$ cat data_22.cif   # mmCIF, C-alpha atoms
data_input
#
loop_
_atom_site.label_atom_id
_atom_site.label_comp_id
_atom_site.auth_asym_id
_atom_site.auth_seq_id
_atom_site.Cartn_x
_atom_site.Cartn_y
_atom_site.Cartn_z
CA MET P 2 85.20 74.34 114.08
CA VAL P 3 88.78 74.42 115.17
CA GLN P 4 89.69 77.74 116.65
CA VAL P 5 92.44 79.49 114.67
CA LEU P 6 95.41 80.87 116.55
CA THR P 7 96.06 84.60 116.26
CA ARG P 8 98.88 85.30 113.88
CA PHE P 9 100.89 88.43 113.64
CA PHE P 10 102.69 90.01 110.75
CA LEU P 11 105.72 91.62 112.38
CA ILE P 12 107.92 93.55 110.00
CA ALA P 13 109.72 96.33 111.75
CA VAL P 14 112.51 97.91 109.78
CA THR P 15 114.56 100.64 111.46
CA ILE P 16 116.70 102.78 109.14
CA LEU P 17 119.13 104.78 111.26
CA LEU P 18 120.69 108.09 110.28
CA SER P 19 124.15 109.06 111.43
CA GLY P 20 125.30 112.65 111.85
CA HIS P 21 126.24 112.66 108.17
CA GLY P 22 122.84 111.46 107.07
CA ARG P 23 123.87 107.92 106.08
CA LEU P 24 121.48 104.98 106.35
CA GLU P 25 123.11 102.60 108.79
CA ALA P 26 121.03 99.48 109.35
CA ALA P 27 117.79 97.58 108.78
CA SER P 28 116.26 94.58 110.49
CA GLN P 29 113.25 92.36 109.87
CA GLU P 30 111.29 90.45 112.48
CA GLN P 31 109.68 87.04 112.11
CA VAL P 32 106.62 86.84 109.88
CA PHE P 33 103.60 84.58 110.42
CA SER P 34 101.10 83.36 107.82
CA GLY P 35 98.81 80.36 107.77
CA PRO P 36 98.43 77.41 110.15
CA GLN P 37 101.59 76.66 112.10
CA VAL P 38 103.41 73.35 112.50
CA GLY P 39 101.15 70.81 114.20
CA GLU P 40 97.92 72.61 113.30
CA LYS P 41 95.22 71.12 111.10
CA LEU P 42 95.13 71.48 107.32
CA SER P 43 91.44 72.15 106.74
CA PRO P 44 89.88 71.35 103.34
CA PHE P 45 88.92 74.33 101.15
CA LYS P 46 87.81 74.78 97.56
CA VAL P 47 89.50 76.59 94.69
CA ARG P 48 88.44 77.09 91.09
CA SER P 49 90.49 75.07 88.62
CA VAL P 50 92.19 77.06 85.87
CA PHE P 51 94.18 74.84 83.53
CA GLU P 52 93.23 71.21 84.07
CA LYS P 53 90.79 69.35 81.80
CA ASP P 54 88.10 70.16 84.35
CA GLY P 55 88.90 73.88 84.24
CA GLY P 56 86.29 75.98 86.00
CA LYS P 57 85.33 73.20 88.41
CA ASP P 58 85.94 73.20 92.14
CA LEU P 59 89.04 71.43 93.48
CA ASP P 60 89.95 70.52 97.04
CA PHE P 61 93.70 69.94 97.25
CA VAL P 62 93.68 68.95 100.92
CA GLY P 63 90.69 66.65 100.61
CA ALA P 64 92.13 64.96 97.50
CA ALA P 65 95.42 64.30 99.30
CA ASN P 66 93.47 62.40 101.98
CA GLY P 67 96.23 62.61 104.54
CA LYS P 68 99.08 61.91 102.13
CA PRO P 69 102.08 64.27 101.95
CA ILE P 70 101.17 67.59 100.38
CA VAL P 71 102.75 70.92 99.46
CA LEU P 72 100.42 73.93 99.31
CA ILE P 73 101.66 77.16 97.79
CA PHE P 74 99.58 80.31 98.35
CA VAL P 75 100.62 83.04 95.92
CA HIS P 76 99.73 86.40 97.48
CA GLU P 77 101.68 88.51 95.00
CA VAL P 78 102.70 87.73 91.43
CA ASN P 79 106.18 88.93 90.55
CA ARG P 80 109.58 87.57 89.50
CA GLN P 81 110.51 86.25 92.92
CA SER P 82 107.24 84.54 93.76
CA ILE P 83 106.77 82.91 90.36
CA SER P 84 110.39 81.78 90.17
CA MET P 85 110.13 80.11 93.59
CA THR P 86 106.78 78.54 92.69
CA ARG P 87 108.04 77.20 89.36
CA VAL P 88 111.24 75.67 90.72
CA LEU P 89 109.61 74.15 93.82
CA THR P 90 106.69 72.64 91.91
CA GLY P 91 109.05 71.34 89.25
CA TYR P 92 110.52 69.20 92.03
CA THR P 93 107.24 68.28 93.72
CA ALA P 94 105.79 67.20 90.37
CA SER P 95 108.69 64.76 90.03
CA ARG P 96 107.65 63.13 93.35
CA VAL P 97 104.04 62.39 92.43
CA GLN P 98 104.78 58.68 92.11
CA ASP P 99 106.03 58.77 95.70
CA GLY P 100 102.62 59.95 96.88
CA LEU P 101 103.33 63.69 97.09
CA ALA P 102 100.45 66.02 96.22
CA THR P 103 100.84 69.66 95.20
CA GLY P 104 98.40 72.53 95.03
CA ILE P 105 99.05 76.11 93.91
CA VAL P 106 96.49 78.66 95.12
CA PHE P 107 96.43 82.15 93.63
CA LEU P 108 94.83 84.81 95.80
CA ASP P 109 93.18 87.88 94.29
CA ASP P 110 90.16 90.05 95.01
CA ASP P 111 89.06 89.71 91.36
CA ALA P 112 89.04 85.99 90.63
CA THR P 113 87.91 86.36 87.02
CA ALA P 114 90.60 88.89 86.16
CA ALA P 115 93.19 86.72 87.91
CA GLU P 116 92.15 83.69 85.85
CA ASN P 117 92.46 85.61 82.58
CA GLN P 118 95.90 86.88 83.52
CA LEU P 119 97.08 83.44 84.66
CA LYS P 120 96.18 81.98 81.29
CA LYS P 121 98.50 84.50 79.68
CA MET P 122 101.42 83.52 81.94
CA ARG P 123 100.81 79.76 81.79
CA HIS P 124 104.27 79.22 80.30
CA ALA P 125 105.86 80.54 83.52
CA LEU P 126 104.29 77.78 85.65
CA THR P 127 104.89 74.05 86.03
CA PRO P 128 102.47 72.26 83.65
CA GLN P 129 101.94 69.19 85.85
CA SER P 130 101.02 71.05 89.03
CA PRO P 131 97.32 71.64 89.85
CA ILE P 132 96.54 75.35 89.96
CA GLY P 133 93.47 77.07 91.31
CA ILE P 134 92.17 80.48 92.29
CA PHE P 135 90.54 80.98 95.66
CA PRO P 136 87.15 82.44 94.69
CA ASP P 137 86.41 84.48 97.81
CA GLY P 138 89.15 87.07 97.78
CA ARG P 139 92.77 87.78 98.59
CA GLU P 140 92.47 86.82 102.26
CA GLY P 141 92.16 83.12 101.34
CA PRO P 142 90.39 80.46 103.41
CA GLY P 143 89.19 82.06 106.64
CA SER P 144 90.40 79.22 108.83
CA TYR P 145 93.96 79.54 107.51
CA GLY P 146 94.76 83.01 108.83
CA LEU P 147 96.89 83.91 105.84
CA ASN P 148 98.94 87.11 105.81
CA ARG P 149 98.29 89.20 102.70
CA ASN P 150 101.50 91.17 103.26
CA VAL P 151 103.79 88.28 102.28
CA MET P 152 104.52 87.17 98.72
CA LEU P 153 104.18 83.44 99.35
CA THR P 154 102.87 81.16 102.08
CA ILE P 155 104.19 77.63 101.57
CA LEU P 156 102.80 74.80 103.69
CA VAL P 157 104.09 71.23 103.85
CA GLY P 158 101.82 68.69 105.46
CA LYS P 159 101.09 65.03 106.16
CA GLU P 160 98.21 63.18 107.82
CA GLY P 161 96.12 66.35 107.66
CA LYS P 162 98.52 68.48 109.71
CA VAL P 163 101.15 71.10 108.94
CA THR P 164 104.74 69.88 109.19
CA GLY P 165 106.39 72.93 107.64
CA ASN P 166 105.34 76.58 107.32
CA TYR P 167 107.20 79.19 105.28
CA ALA P 168 105.89 82.77 105.13
CA LEU P 169 108.10 84.51 102.58
CA VAL P 170 108.22 88.28 102.24
CA GLN P 171 111.14 88.22 99.81
CA PRO P 172 111.44 84.63 98.45
CA SER P 173 115.02 83.53 97.83
CA LEU P 174 115.85 80.35 95.93
CA GLN P 175 119.26 80.18 97.55
CA VAL P 176 118.14 80.85 101.13
CA ASP P 177 114.55 79.58 101.42
CA LEU P 178 114.30 76.72 98.94
CA PRO P 179 116.75 74.33 100.72
CA LYS P 180 114.71 74.63 103.94
CA ILE P 181 111.48 73.93 102.10
CA LEU P 182 112.99 70.96 100.28
CA GLN P 183 114.13 69.56 103.62
CA SER P 184 110.54 69.71 104.86
CA VAL P 185 109.34 67.97 101.69
CA VAL P 186 111.75 65.04 101.92
CA ASP P 187 110.94 64.74 105.62
CA VAL P 188 107.38 63.75 104.68
CA VAL P 189 107.93 61.94 101.39
CA GLY P 190 111.41 60.49 101.80
CA GLY P 191 114.50 60.63 99.60
CA GLU P 192 117.50 62.91 99.47
CA ILE P 193 117.47 66.68 99.22
CA PRO P 194 118.31 67.54 95.60
CA LYS P 195 121.07 69.93 94.65
CA LEU P 196 119.68 73.31 93.66
CA SER P 197 121.69 73.20 90.45
CA ASP P 198 119.85 69.99 89.45
CA LEU P 199 116.35 71.44 89.76
CA THR P 200 114.33 72.25 86.66
CA GLY P 201 113.99 75.98 86.11
CA MET P 202 116.74 76.91 88.55
CA PRO P 203 118.54 79.96 87.15
CA ALA P 204 122.27 79.79 86.68
CA MET P 205 123.83 81.29 89.79
CA ASN P 206 127.03 82.64 88.34
CA ALA P 207 128.76 85.76 89.53
CA ASP P 208 127.20 87.97 86.89
CA ARG P 209 123.70 86.80 87.70
CA SER P 210 124.25 87.21 91.44
CA ALA P 211 125.52 90.72 90.95
CA GLN P 212 122.53 91.49 88.75
CA ASN P 213 120.06 90.27 91.39
CA GLU P 214 121.75 91.99 94.33
CA ALA P 215 119.73 94.87 95.71
CA PRO P 216 121.34 98.19 94.71
CA ASN P 217 122.84 100.47 97.34
CA LEU P 218 120.52 103.49 97.42
CA ARG P 219 121.91 105.06 100.58
CA PRO P 220 123.73 107.91 98.79
CA LEU P 221 120.46 108.85 97.06
CA LEU P 222 118.09 108.37 99.99
CA ALA P 223 120.19 110.05 102.67
CA PRO P 224 119.86 113.63 101.35
CA LEU P 225 116.16 113.08 100.67
CA ILE P 226 115.25 112.15 104.25
CA ARG P 227 117.65 114.48 106.07
CA LEU P 228 115.61 116.38 108.65
CA THR P 229 117.31 119.67 107.82
CA ALA P 230 116.85 119.36 104.05
CA SER P 231 115.18 122.29 102.31
CA GLU P 232 112.34 121.69 99.86
CA ALA P 233 114.74 122.36 97.00
CA ASP P 234 117.18 119.79 98.42
CA VAL P 235 114.39 117.22 98.64
CA GLU P 236 113.25 117.90 95.07
CA LYS P 237 116.81 117.53 93.80
CA ALA P 238 117.38 114.28 95.70
CA ALA P 239 114.02 112.89 94.55
CA ALA P 240 114.82 113.71 90.92
CA ALA P 241 118.15 111.89 91.18
CA LEU P 242 116.53 108.82 92.72
CA GLU P 243 113.72 108.74 90.16
CA ALA P 244 116.27 108.97 87.35
CA LYS P 245 118.04 105.95 88.80
CA ALA P 246 114.77 104.05 89.18
CA ALA P 247 113.68 104.86 85.63
CA ASP P 248 116.61 102.88 84.21
CA ASP P 249 116.91 100.15 86.84
CA PRO P 250 114.05 97.76 87.78
CA ALA P 251 116.06 96.56 90.79
CA ALA P 252 116.26 100.14 92.04
CA ARG P 253 112.49 100.57 91.69
CA LYS P 254 111.93 97.39 93.63
CA GLU P 255 114.32 98.41 96.39
CA VAL P 256 112.78 101.88 96.73
CA ALA P 257 109.34 100.28 96.97
CA ARG P 258 110.56 97.85 99.61
CA ILE P 259 112.13 100.55 101.76
CA ALA P 260 109.21 102.98 101.42
CA ASN P 261 106.59 100.31 102.16
CA THR P 262 108.55 99.03 105.15
CA ILE P 263 108.71 102.51 106.67
CA ILE P 264 105.00 103.15 106.04
CA LYS P 265 103.79 99.77 107.30
CA ALA P 266 105.86 100.20 110.45
CA GLY P 267 104.06 103.50 111.13
CA LYS P 268 107.37 105.40 111.02
CA LEU P 269 106.81 107.66 108.02
CA LYS P 270 106.76 110.88 110.06
CA ASP P 271 110.20 110.00 111.45
CA TYR P 272 111.80 110.29 108.02
CA GLY P 273 112.63 113.68 106.62
CA THR P 274 110.35 116.61 105.95
CA PRO P 275 106.68 116.45 104.90
CA LYS P 276 107.85 116.90 101.29
CA ALA P 277 110.16 113.89 101.58
CA GLN P 278 107.33 111.89 103.11
CA GLU P 279 105.14 112.72 100.10
CA PHE P 280 107.75 111.19 97.79
CA LEU P 281 108.04 108.05 99.94
CA GLU P 282 104.27 107.56 99.84
CA LYS P 283 104.26 108.12 96.09
CA TRP P 284 107.05 105.59 95.44
CA ALA P 285 105.52 102.99 97.75
CA LYS P 286 102.48 102.90 95.46
CA GLU P 287 103.98 103.48 92.02
CA TYR P 288 107.04 101.26 92.27
CA SER P 289 105.19 98.44 94.05
CA THR P 290 102.67 98.35 91.20
CA ALA P 291 105.45 98.25 88.61
CA ALA P 292 107.32 95.46 90.43
CA SER P 293 104.18 93.32 90.83
CA LYS P 294 103.79 93.16 87.03
CA GLU P 295 107.26 91.75 86.41
CA VAL P 296 107.09 87.96 86.07
CA VAL P 297 109.98 85.61 85.37
CA ALA P 298 109.68 83.47 82.27
CA PRO P 299 111.22 79.99 82.12
CA LYS P 300 114.67 79.58 80.64
CA GLY P 301 114.57 80.08 76.90
CA GLU P 302 111.32 82.07 76.89
CA ALA P 303 110.73 85.80 76.89
CA PRO P 304 109.59 87.31 80.20
CA THR P 305 106.03 88.53 80.55
CA ASN P 306 104.67 91.47 82.48
CA ASP P 307 101.22 89.96 82.84
CA ALA P 308 99.96 89.78 86.41
CA PRO P 309 96.56 89.60 88.06
CA LYS P 310 95.20 93.03 88.83
#
$ encode --input "data_22.cif" --output "structure tokens"
Amino acid sequence: MVQVLTRFFLIAVTILLSGHGRLEAASQEQVFSGPQVGEKLSPFKVRSVFEKDGGKDLDFVGAANGKPIVLIFVHEVNRQSISMTRVLTGYTASRVQDGLATGIVFLDDDATAAENQLKKMRHALTPQSPIGIFPDGREGPGSYGLNRNVMLTILVGKEGKVTGNYALVQPSLQVDLPKILQSVVDVVGGEIPKLSDLTGMPAMNADRSAQNEAPNLRPLLAPLIRLTASEADVEKAAAALEAKAADDPAARKEVARIANTIIKAGKLKDYGTPKAQEFLEKWAKEYSTAASKEVVAPKGEAPTNDAPK
């Protein structure tokens, strides 16, 4: 058995406070998930969900038999991950006649519950793309070394080896998709399509971009995590932030991202008083759960909040 290289998930976000309590900067390090470029794509089995042989075992890598392949591991179901999966597989499905294989692998600790939920959100996925659930848990195939802290791991391969690896914490159609498409045409040929020509690509007008932009929560977070804040100050700041989050899904998502980043980096005790830290822990759980249930529906269809538990 081929020995798997050690892979690290390195997300270190530093949120700096100035003398006035403003959040100044954040940075994110490189993330690793799955076999790297040049490593072997080992066969593994998933349970089919939608095909005529639903419930049977599939082997995407084995079926490709060395031909070009795109594997998409969905670690977390939400608007970003499903939108990226739908648009990318809409393109890969159009290249089947050129010998390109596609496999979508959903990862969940409860495979049966995941299957039931996926059937409810079938309309949000590309009909022609094979979809399966890895039956042995969220970690995925042991030899792949997948990182459960990313939303998507996308692998492009040919001749049984990885030619492109994309571990996406916050998938972006504008930023990440062109790089992935480049890897795809590198193995299957052709020209990189324009994003605007891809099926399912949302209209990227100014209003939409503004809507998707992460809200600026610095004025609300700064008084909450000020080291000199009294308990009353923290309660007041927390109430203001929760009021904002109650009416704004983007705010909930951003609070969850910031809180989880601080906690995963082991820096929670560096931010504010113990009372403030209690709120950060609370929001990391509550708002992450809410965000994970929000799934993008295709153009012309109502969105669904169904997601595997």
$ resolve_selection --input "data_22.cif" --expression "the PyMOL selection byres ((chain P and resi 146) around 7)" --output "ChimeraX atom specification"
/P:8,34-36,143-145,147-148
$ residues_around --input "data_22.cif" --residues "region 226-229 of chain P" --least-positions-apart "5" --cutoff "7 Å" --atoms "only C-alpha atoms" --output "VMD selection string"
chain P and resid 22 272 to 274 277
$ write_last_selection --input "data_22.cif" --atoms "C-alpha atoms" --output "PDB file, keeping the file's coordinate frame"
ATOM      1  CA  GLY P  22     122.840 111.460 107.070  1.00  0.00           C
ATOM      2  CA  TYR P 272     111.800 110.290 108.020  1.00  0.00           C
ATOM      3  CA  GLY P 273     112.630 113.680 106.620  1.00  0.00           C
ATOM      4  CA  THR P 274     110.350 116.610 105.950  1.00  0.00           C
ATOM      5  CA  ALA P 277     110.160 113.890 101.580  1.00  0.00           C
TER       6      ALA P 277
END
$ residues_around --input "data_22.cif" --residues "region 101-106 of chain P" --least-positions-apart "5" --cutoff "6 Å" --atoms "only C-alpha atoms" --output "ChimeraX atom specification"
/P:61,69-74,96,131-134
$ resolve_selection --input "data_22.cif" --expression "the PyMOL selection byres ((chain P and resi 188-192) around 8)" --output "number ranges by chain"
P: 69, 99-101, 158-159, 184-187, 193-194
$ write_last_selection --input "data_22.cif" --atoms "C-alpha atoms" --output "short mmCIF file (atom, residue, chain, number, x, y, z; two decimals), keeping the file's coordinate frame"
data_model
loop_
_atom_site.label_atom_id
_atom_site.label_comp_id
_atom_site.auth_asym_id
_atom_site.auth_seq_id
_atom_site.Cartn_x
_atom_site.Cartn_y
_atom_site.Cartn_z
CA PRO P 69 102.08 64.27 101.95
CA ASP P 99 106.03 58.77 95.70
CA GLY P 100 102.62 59.95 96.88
CA LEU P 101 103.33 63.69 97.09
CA GLY P 158 101.82 68.69 105.46
CA LYS P 159 101.09 65.03 106.16
CA SER P 184 110.54 69.71 104.86
CA VAL P 185 109.34 67.97 101.69
CA VAL P 186 111.75 65.04 101.92
CA ASP P 187 110.94 64.74 105.62
CA ILE P 193 117.47 66.68 99.22
CA PRO P 194 118.31 67.54 95.60
#
$ atom_distance --input "data_22.cif" --atom1 "CA of Leu218 (chain P)" --atom2 "CA of Gln81 (chain P)"
20.4 Å
$ resolve_selection --input "data_22.cif" --expression "the PyMOL selection byres ((chain P and resi 280) around 12)" --output "PyMOL selection string"
chain P and resi 222+225-226+232+235-240+242-243+256-257+260-261+264+269+272-279+281-288
$ residues_near_point --input "data_22.cif" --point "(103.3, 80.1, 99.6)" --cutoff "7 Å" --atoms "all atoms listed in the file" --output "ChimeraX atom specification"
/P:72-75,153-156,167-168
$ closest_residue --input "data_22.cif" --among "P:Ile259, P:Val47, P:Leu221, P:Leu199" --to "Pro136 (chain P)" --atoms "all atoms listed in the file"
P:Val47
$ closest_residue --input "data_22.cif" --among "P:Ser43, P:Ser289, P:Ser197, P:Ser49" --to "Tyr92 (chain P)" --atoms "only C-alpha atoms"
P:Ser197
$ atom_distance --input "data_22.cif" --atom1 "CA of Val176 (chain P)" --atom2 "CA of Thr86 (chain P)"
14.3 Å
$ atom_distance --input "data_22.cif" --atom1 "CA of Leu196 (chain P)" --atom2 "CA of Ala94 (chain P)"
15.5 Å
$ closest_residue --input "data_22.cif" --among "P:Glu255, P:Glu77, P:Asp110, P:Asp177" --to "Asn217 (chain P)" --atoms "all atoms listed in the file"
P:Glu255
$ build_atoms --input "data_22.cif" --residues "region 259-291 of chain P" --atoms "N, CA and C atoms" --output "mmCIF file, in the coordinates of the input"
data_model
loop_
_atom_site.group_PDB
_atom_site.id
_atom_site.type_symbol
_atom_site.label_atom_id
_atom_site.label_comp_id
_atom_site.auth_asym_id
_atom_site.auth_seq_id
_atom_site.Cartn_x
_atom_site.Cartn_y
_atom_site.Cartn_z
ATOM 1 N N ILE P 259 111.765 99.667 100.659
ATOM 2 C CA ILE P 259 112.130 100.550 101.760
ATOM 3 C C ILE P 259 110.957 101.452 102.150
ATOM 4 N N ALA P 260 110.320 102.057 101.138
ATOM 5 C CA ALA P 260 109.210 102.980 101.420
ATOM 6 C C ALA P 260 108.045 102.247 102.089
ATOM 7 N N ASN P 261 107.695 101.068 101.578
ATOM 8 C CA ASN P 261 106.590 100.310 102.160
ATOM 9 C C ASN P 261 106.905 99.840 103.570
ATOM 10 N N THR P 262 108.153 99.478 103.817
ATOM 11 C CA THR P 262 108.550 99.030 105.150
ATOM 12 C C THR P 262 108.397 100.156 106.163
ATOM 13 N N ILE P 263 108.835 101.354 105.784
ATOM 14 C CA ILE P 263 108.710 102.510 106.670
ATOM 15 C C ILE P 263 107.236 102.818 106.950
ATOM 16 N N ILE P 264 106.419 102.797 105.896
ATOM 17 C CA ILE P 264 105.000 103.150 106.040
ATOM 18 C C ILE P 264 104.263 102.114 106.872
ATOM 19 N N LYS P 265 104.494 100.827 106.579
ATOM 20 C CA LYS P 265 103.790 99.770 107.300
ATOM 21 C C LYS P 265 104.183 99.719 108.779
ATOM 22 N N ALA P 266 105.413 100.171 109.068
ATOM 23 C CA ALA P 266 105.860 100.200 110.450
ATOM 24 C C ALA P 266 105.337 101.417 111.206
ATOM 25 N N GLY P 267 104.603 102.304 110.495
ATOM 26 C CA GLY P 267 104.060 103.500 111.130
ATOM 27 C C GLY P 267 105.126 104.532 111.466
ATOM 28 N N LYS P 268 106.240 104.521 110.706
ATOM 29 C CA LYS P 268 107.370 105.400 111.020
ATOM 30 C C LYS P 268 107.571 106.518 109.995
ATOM 31 N N LEU P 269 106.607 106.707 109.101
ATOM 32 C CA LEU P 269 106.810 107.660 108.020
ATOM 33 C C LEU P 269 107.178 109.053 108.526
ATOM 34 N N LYS P 270 106.522 109.517 109.573
ATOM 35 C CA LYS P 270 106.760 110.880 110.060
ATOM 36 C C LYS P 270 108.145 111.035 110.695
ATOM 37 N N ASP P 271 108.852 109.932 110.895
ATOM 38 C CA ASP P 271 110.200 110.000 111.450
ATOM 39 C C ASP P 271 111.260 110.218 110.377
ATOM 40 N N TYR P 272 110.834 110.229 109.107
ATOM 41 C CA TYR P 272 111.800 110.290 108.020
ATOM 42 C C TYR P 272 111.647 111.564 107.202
ATOM 43 N N GLY P 273 112.559 112.478 107.422
ATOM 44 C CA GLY P 273 112.630 113.680 106.620
ATOM 45 C C GLY P 273 111.494 114.659 106.846
ATOM 46 N N THR P 274 111.361 115.568 105.897
ATOM 47 C CA THR P 274 110.350 116.610 105.950
ATOM 48 C C THR P 274 109.039 116.113 105.354
ATOM 49 N N PRO P 275 107.945 116.853 105.526
ATOM 50 C CA PRO P 275 106.680 116.450 104.900
ATOM 51 C C PRO P 275 106.813 116.248 103.386
ATOM 52 N N LYS P 276 107.653 117.053 102.733
ATOM 53 C CA LYS P 276 107.850 116.900 101.290
ATOM 54 C C LYS P 276 108.512 115.559 100.988
ATOM 55 N N ALA P 277 109.499 115.180 101.763
ATOM 56 C CA ALA P 277 110.160 113.890 101.580
ATOM 57 C C ALA P 277 109.180 112.748 101.812
ATOM 58 N N GLN P 278 108.312 112.920 102.804
ATOM 59 C CA GLN P 278 107.330 111.890 103.110
ATOM 60 C C GLN P 278 106.328 111.717 101.968
ATOM 61 N N GLU P 279 106.023 112.809 101.266
ATOM 62 C CA GLU P 279 105.140 112.720 100.100
ATOM 63 C C GLU P 279 105.767 111.843 99.023
ATOM 64 N N PHE P 280 107.069 112.004 98.805
ATOM 65 C CA PHE P 280 107.750 111.190 97.790
ATOM 66 C C PHE P 280 107.771 109.711 98.202
ATOM 67 N N LEU P 281 108.020 109.441 99.476
ATOM 68 C CA LEU P 281 108.040 108.050 99.940
ATOM 69 C C LEU P 281 106.688 107.386 99.744
ATOM 70 N N GLU P 282 105.604 108.113 100.045
ATOM 71 C CA GLU P 282 104.270 107.560 99.840
ATOM 72 C C GLU P 282 104.000 107.318 98.349
ATOM 73 N N LYS P 283 104.440 108.243 97.534
ATOM 74 C CA LYS P 283 104.260 108.120 96.090
ATOM 75 C C LYS P 283 104.992 106.898 95.550
ATOM 76 N N TRP P 284 106.251 106.710 95.948
ATOM 77 C CA TRP P 284 107.050 105.590 95.440
ATOM 78 C C TRP P 284 106.556 104.257 95.964
ATOM 79 N N ALA P 285 106.048 104.241 97.186
ATOM 80 C CA ALA P 285 105.520 102.990 97.750
ATOM 81 C C ALA P 285 104.405 102.449 96.862
ATOM 82 N N LYS P 286 103.588 103.325 96.319
ATOM 83 C CA LYS P 286 102.480 102.900 95.460
ATOM 84 C C LYS P 286 102.956 102.630 94.029
ATOM 85 N N GLU P 287 103.625 103.593 93.431
ATOM 86 C CA GLU P 287 103.980 103.480 92.020
ATOM 87 C C GLU P 287 104.966 102.352 91.751
ATOM 88 N N TYR P 288 106.020 102.250 92.546
ATOM 89 C CA TYR P 288 107.040 101.260 92.270
ATOM 90 C C TYR P 288 106.607 99.854 92.701
ATOM 91 N N SER P 289 105.720 99.756 93.681
ATOM 92 C CA SER P 289 105.190 98.440 94.050
ATOM 93 C C SER P 289 104.325 97.897 92.925
ATOM 94 N N THR P 290 103.522 98.765 92.317
ATOM 95 C CA THR P 290 102.670 98.350 91.200
ATOM 96 C C THR P 290 103.511 97.891 90.021
ATOM 97 N N ALA P 291 104.588 98.628 89.720
ATOM 98 C CA ALA P 291 105.450 98.250 88.610
ATOM 99 C C ALA P 291 106.127 96.916 88.862
#
